[in-house]
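See below for the structure under consideration.
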Amino acid sequence: MSEIEKKEINDFIYIYNLNLKKFLVIRKEELITSNDWEEFLVKKGRKIPFILFVGSDIEPLVEKIGDVNFYNVRKNKIELFYKYTENQKNYRTIINVNIPYEYYPVFVNQIDNIKKVINLEHKKNYDTIIFSPKIDRMGLLQLRVHFPLTTLVQVDENTSRNQINKNNLSKQRMTDIVEIKGIDFALKNPVYSARYFLRRLEWDRMYEIPIKVSCKNDEVEMILAFIQLMIENKSKNLELEIHKNEILKLKKYYEFVLLILKNDYKNLEQFFYENEDFLNNEVSVRDKLLQFLQSYKYFRTQSQKKLTREEEIQLWEIETLLKFKG
């Protein structure tokens, strides 16, 4: 639904484009064929709210999922209702609007789990995400990474029909959490550690995380998502712009770490080929990669998933390549 769409309601025609996130309302008799609807929408269009429900235990009470729904405007407000199936209670969220027409369009979508965020269309358009209380802290962090500017609302299973609980943790800074619970709390978890050290621009400690802690694939993917978000925001933040080279080096380091954790030796060859100059010139990063490999081998010997003979050979070859760079 990336093109111009039209919807007739009574004497009016709603014209909208989801990519632009805009709509117009005209009377039927005013409708003319135009190649300039996009320009009209950009200049005069009103905003279409985008709502995403996350969780299979939430039931949006809407006509269409993954599409535009039209809601009655009453006293400059529209109401969206949904049900939390665990307690069978009904909830609502209210959107304030200012429009002299009877209906207002809202795009409503739903995914049953966090993993499906990656394939969402119109990902940048969502204003509000209403998520299940069963979404754990890691899932909440993923939502915040993918939707840094979106309002996150957790369904509170104990509230009454007309209340929703805006989850304060969704906007709480990791440094604030550490102040309350102490640094040891963060260091027990690679993702918390990364958030804390990135906030403080402590690059050396970022390199140490996978050296000192046995990381999982999804944890490193989350850390890479944080780093990518910093790269995308560097033009808006002078401090990040100053440190852009450090951030980019850190990204390459964690890309290497993730390939090792995934035993993806085929793409490791490609990594070496694409980053030959980087590995030749960045001696300190190369040393950290070698330290990581030593830690990785140690962690594997302490786990139930021991290194195979083939893996030992492959890791030895990678270490050799790193040692003879430069």
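Ligands are numbered from 1 in the order shown, chains are lettered A, B, ... in the order of the structure tokens, and residues start at 1 in each chain.
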
Practice item. With a distance cut-off of 7 Å and only C-alpha atoms, select the neighbouring residues of Tyr126 (chain A), excluding the residue or stretch itself and same-chain residues fewer than 4 positions from it, and output the selection as an MDAnalysis selection string. Key: chainID A and resid 50:52 150

Residue selection dump (N, CA and C atoms) as a PDB file, in the first residue's frame:
```pdb
ATOM      1  N   PHE A  50      -0.148   5.898  13.420  1.00  0.00           N
ATOM      2  CA  PHE A  50       0.220   4.491  13.212  1.00  0.00           C
ATOM      3  C   PHE A  50       0.321   3.816  14.582  1.00  0.00           C
ATOM      4  N   ILE A  51      -0.463   2.760  14.768  1.00  0.00           N
ATOM      5  CA  ILE A  51      -0.490   2.019  16.037  1.00  0.00           C
ATOM      6  C   ILE A  51      -0.064   0.580  15.778  1.00  0.00           C
ATOM      7  N   LEU A  52       0.849   0.069  16.600  1.00  0.00           N
ATOM      8  CA  LEU A  52       1.285  -1.320  16.490  1.00  0.00           C
ATOM      9  C   LEU A  52       1.018  -2.043  17.803  1.00  0.00           C
ATOM     10  N   THR A 150       9.310   6.218  19.378  1.00  0.00           N
ATOM     11  CA  THR A 150       7.918   5.792  19.496  1.00  0.00           C
ATOM     12  C   THR A 150       7.510   5.681  20.964  1.00  0.00           C
TER      13      THR A 150
END
```

Practice item. Any chance you could list, as a ChimeraX atom specification, the residues in region 32-238 of chain A that come up strand (DSSP E) when DSSP is run on the backbone? Key: /A:46-47,50-54,58-60,67-72,77-84,89-96,103-111,128-131,151-154

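Of the listed residues (A:Leu259, A:Leu293, A:Met230, A:Ile135), A:Met230 comes nearest to Asn245 (chain A); the distances count only C-alpha atoms.
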
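Computed from the coordinates, the CA of Lys251 (chain A) to CA of Arg205 (chain A) distance equals 14.0 Å.
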
Exercise for review: Please provide the set of residues having any atom within 10 Å of region 137-147 of chain A, restricted to only C-alpha atoms, with same-chain residues fewer than 2 positions apart removed, written as number ranges by chain.
Suggested key: A: 54, 113-115, 117-118, 123-129, 131, 134-135, 149-152, 154, 167, 169-171, 191-192, 218-219, 221-223, 225-229

Practice item. Please give the complete set of residues from region 24-266 of chain A that DSSP, run on the backbone, assigns to alpha helix (DSSP H), formatted as a VMD selection string. Key: chain A and resid 37 to 44 137 to 146 174 to 181 183 to 187 190 to 199 203 to 212 217 to 233 238 to 242 244 to 261 265 to 266

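Of note, CA of Pro133 (chain A) and CA of Val153 (chain A) are spaced 9.7 Å apart.
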
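Residue nearest Tyr91 (chain A) within the list A:Val68, A:Ile231, A:Ile58, A:Leu120: A:Ile58 [criterion: smallest interatomic distance, only C-alpha atoms].
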
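Comparing A:Tyr196, A:Glu317, A:Asn90, A:Pro60 by their smallest distance to Tyr265 (chain A), the closest is A:Glu317 (using only C-alpha atoms).
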
Check your understanding: Contacts of Lys44 (chain A) at 12 Å or less, counting only C-alpha atoms, minus same-chain residues fewer than 4 places along, as a VMD selection string?
Key -> chain A and resid 15 to 16 20 22 to 26 36 to 40

Could you take the residues named above and write them with N, CA, C and O atoms, as a PDB file, in the first residue's frame?
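For reference, selection.pdb as written:
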```
ATOM      1  N   ILE A  15      -8.332  10.615   0.792  1.00  0.00           N
ATOM      2  CA  ILE A  15      -7.199  10.287  -0.076  1.00  0.00           C
ATOM      3  C   ILE A  15      -5.961  10.205   0.817  1.00  0.00           C
ATOM      4  O   ILE A  15      -5.680  11.139   1.577  1.00  0.00           O
ATOM      5  N   TYR A  16      -5.234   9.103   0.733  1.00  0.00           N
ATOM      6  CA  TYR A  16      -4.101   8.955   1.654  1.00  0.00           C
ATOM      7  C   TYR A  16      -2.964   8.159   1.023  1.00  0.00           C
ATOM      8  O   TYR A  16      -3.141   7.433   0.046  1.00  0.00           O
ATOM      9  N   LEU A  20       3.868   8.436   2.929  1.00  0.00           N
ATOM     10  CA  LEU A  20       3.921   9.829   3.359  1.00  0.00           C
ATOM     11  C   LEU A  20       3.297  10.019   4.737  1.00  0.00           C
ATOM     12  O   LEU A  20       3.524  11.022   5.399  1.00  0.00           O
ATOM     13  N   LYS A  22       0.210  10.607   5.343  1.00  0.00           N
ATOM     14  CA  LYS A  22      -0.652  11.788   5.232  1.00  0.00           C
ATOM     15  C   LYS A  22      -1.973  11.434   4.556  1.00  0.00           C
ATOM     16  O   LYS A  22      -2.044  10.498   3.756  1.00  0.00           O
ATOM     17  N   PHE A  23      -3.025  12.245   4.867  1.00  0.00           N
ATOM     18  CA  PHE A  23      -4.308  12.080   4.194  1.00  0.00           C
ATOM     19  C   PHE A  23      -4.965  13.436   3.969  1.00  0.00           C
ATOM     20  O   PHE A  23      -4.655  14.429   4.632  1.00  0.00           O
ATOM     21  N   LEU A  24      -5.877  13.457   2.994  1.00  0.00           N
ATOM     22  CA  LEU A  24      -6.709  14.623   2.691  1.00  0.00           C
ATOM     23  C   LEU A  24      -8.171  14.192   2.628  1.00  0.00           C
ATOM     24  O   LEU A  24      -8.466  13.028   2.332  1.00  0.00           O
ATOM     25  N   VAL A  25      -9.069  15.127   2.888  1.00  0.00           N
ATOM     26  CA  VAL A  25     -10.504  14.856   2.758  1.00  0.00           C
ATOM     27  C   VAL A  25     -11.097  15.889   1.813  1.00  0.00           C
ATOM     28  O   VAL A  25     -10.896  17.090   1.992  1.00  0.00           O
ATOM     29  N   ILE A  26     -11.825  15.405   0.782  1.00  0.00           N
ATOM     30  CA  ILE A  26     -12.494  16.314  -0.146  1.00  0.00           C
ATOM     31  C   ILE A  26     -13.919  15.825  -0.365  1.00  0.00           C
ATOM     32  O   ILE A  26     -14.241  14.656  -0.106  1.00  0.00           O
ATOM     33  N   ASP A  36      -0.988  15.102  -9.129  1.00  0.00           N
ATOM     34  CA  ASP A  36      -0.282  15.875  -8.103  1.00  0.00           C
ATOM     35  C   ASP A  36      -0.779  15.573  -6.692  1.00  0.00           C
ATOM     36  O   ASP A  36      -0.581  16.364  -5.780  1.00  0.00           O
ATOM     37  N   TRP A  37      -1.461  14.422  -6.510  1.00  0.00           N
ATOM     38  CA  TRP A  37      -1.971  14.109  -5.178  1.00  0.00           C
ATOM     39  C   TRP A  37      -0.843  14.044  -4.164  1.00  0.00           C
ATOM     40  O   TRP A  37      -0.990  14.457  -3.021  1.00  0.00           O
ATOM     41  N   GLU A  38       0.289  13.490  -4.574  1.00  0.00           N
ATOM     42  CA  GLU A  38       1.408  13.379  -3.640  1.00  0.00           C
ATOM     43  C   GLU A  38       1.854  14.756  -3.167  1.00  0.00           C
ATOM     44  O   GLU A  38       2.115  14.967  -1.981  1.00  0.00           O
ATOM     45  N   GLU A  39       1.929  15.702  -4.106  1.00  0.00           N
ATOM     46  CA  GLU A  39       2.326  17.062  -3.741  1.00  0.00           C
ATOM     47  C   GLU A  39       1.295  17.696  -2.810  1.00  0.00           C
ATOM     48  O   GLU A  39       1.649  18.355  -1.819  1.00  0.00           O
ATOM     49  N   PHE A  40      -0.013  17.465  -3.103  1.00  0.00           N
ATOM     50  CA  PHE A  40      -1.070  17.999  -2.241  1.00  0.00           C
ATOM     51  C   PHE A  40      -0.962  17.417  -0.835  1.00  0.00           C
ATOM     52  O   PHE A  40      -1.115  18.109   0.161  1.00  0.00           O
TER      53      PHE A  40
END
```

Asn96 (chain A) surroundings by only C-alpha atoms, 9 Å radius, close-in-sequence under 3 positions cut, as a compact mmCIF listing (two decimals) with N, CA and C atoms, in the first residue's frame:
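What follows is the written file part_28.txt:
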```
# COMPACT_ATOMS: atom_id res chain seq x y z
N LYS A 75 -15.97 14.86 19.88
CA LYS A 75 -15.36 15.87 20.74
C LYS A 75 -13.83 15.93 20.53
N ASN A 76 -13.46 15.94 19.26
CA ASN A 76 -12.05 16.03 18.87
C ASN A 76 -11.21 14.87 19.39
N LYS A 77 -11.83 13.73 19.53
CA LYS A 77 -11.11 12.54 19.99
C LYS A 77 -11.58 11.31 19.22
N ILE A 78 -10.67 10.35 19.07
CA ILE A 78 -11.07 9.03 18.57
C ILE A 78 -10.58 8.00 19.59
N GLU A 79 -11.33 6.89 19.68
CA GLU A 79 -11.01 5.85 20.66
C GLU A 79 -10.75 4.53 19.95
```

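Ranking A:Asn17, A:Gln270, A:Asn98, A:Asn189 by their shortest atom-to-atom distance to Val42 (chain A), with only C-alpha atoms included, puts A:Asn17 first.
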
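The closest residue to Asn72 (chain A), picked from A:Glu102, A:Glu255, A:Glu208, A:Glu274 and counting only C-alpha atoms, is A:Glu102.
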
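Pairwise distance (CA of Arg200 (chain A), CA of Lys236 (chain A)) equals 17.5 Å.
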
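The list of residues with at least one atom within 12 Å of Leu268 (chain A), based on only C-alpha atoms and without residues fewer than 2 positions apart in the same chain, reads A:Lys252, A:Glu255, A:Phe256, A:Val257, A:Leu258, A:Leu259, A:Ile260, A:Leu261, A:Lys262, A:Asn263, A:Asp264, A:Tyr265, A:Lys266, A:Gln270, A:Phe271, A:Phe272, A:Tyr273, A:Glu274, A:Asn275, A:Glu276, A:Gln314, A:Leu315, A:Glu317, A:Ile318, A:Leu321, A:Leu322.
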
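Between Pro190 (chain A) and the candidates A:Leu289, A:Leu61, A:Met206, A:Ile99, the tightest atom-to-atom separation, counting only C-alpha atoms, involves A:Met206.
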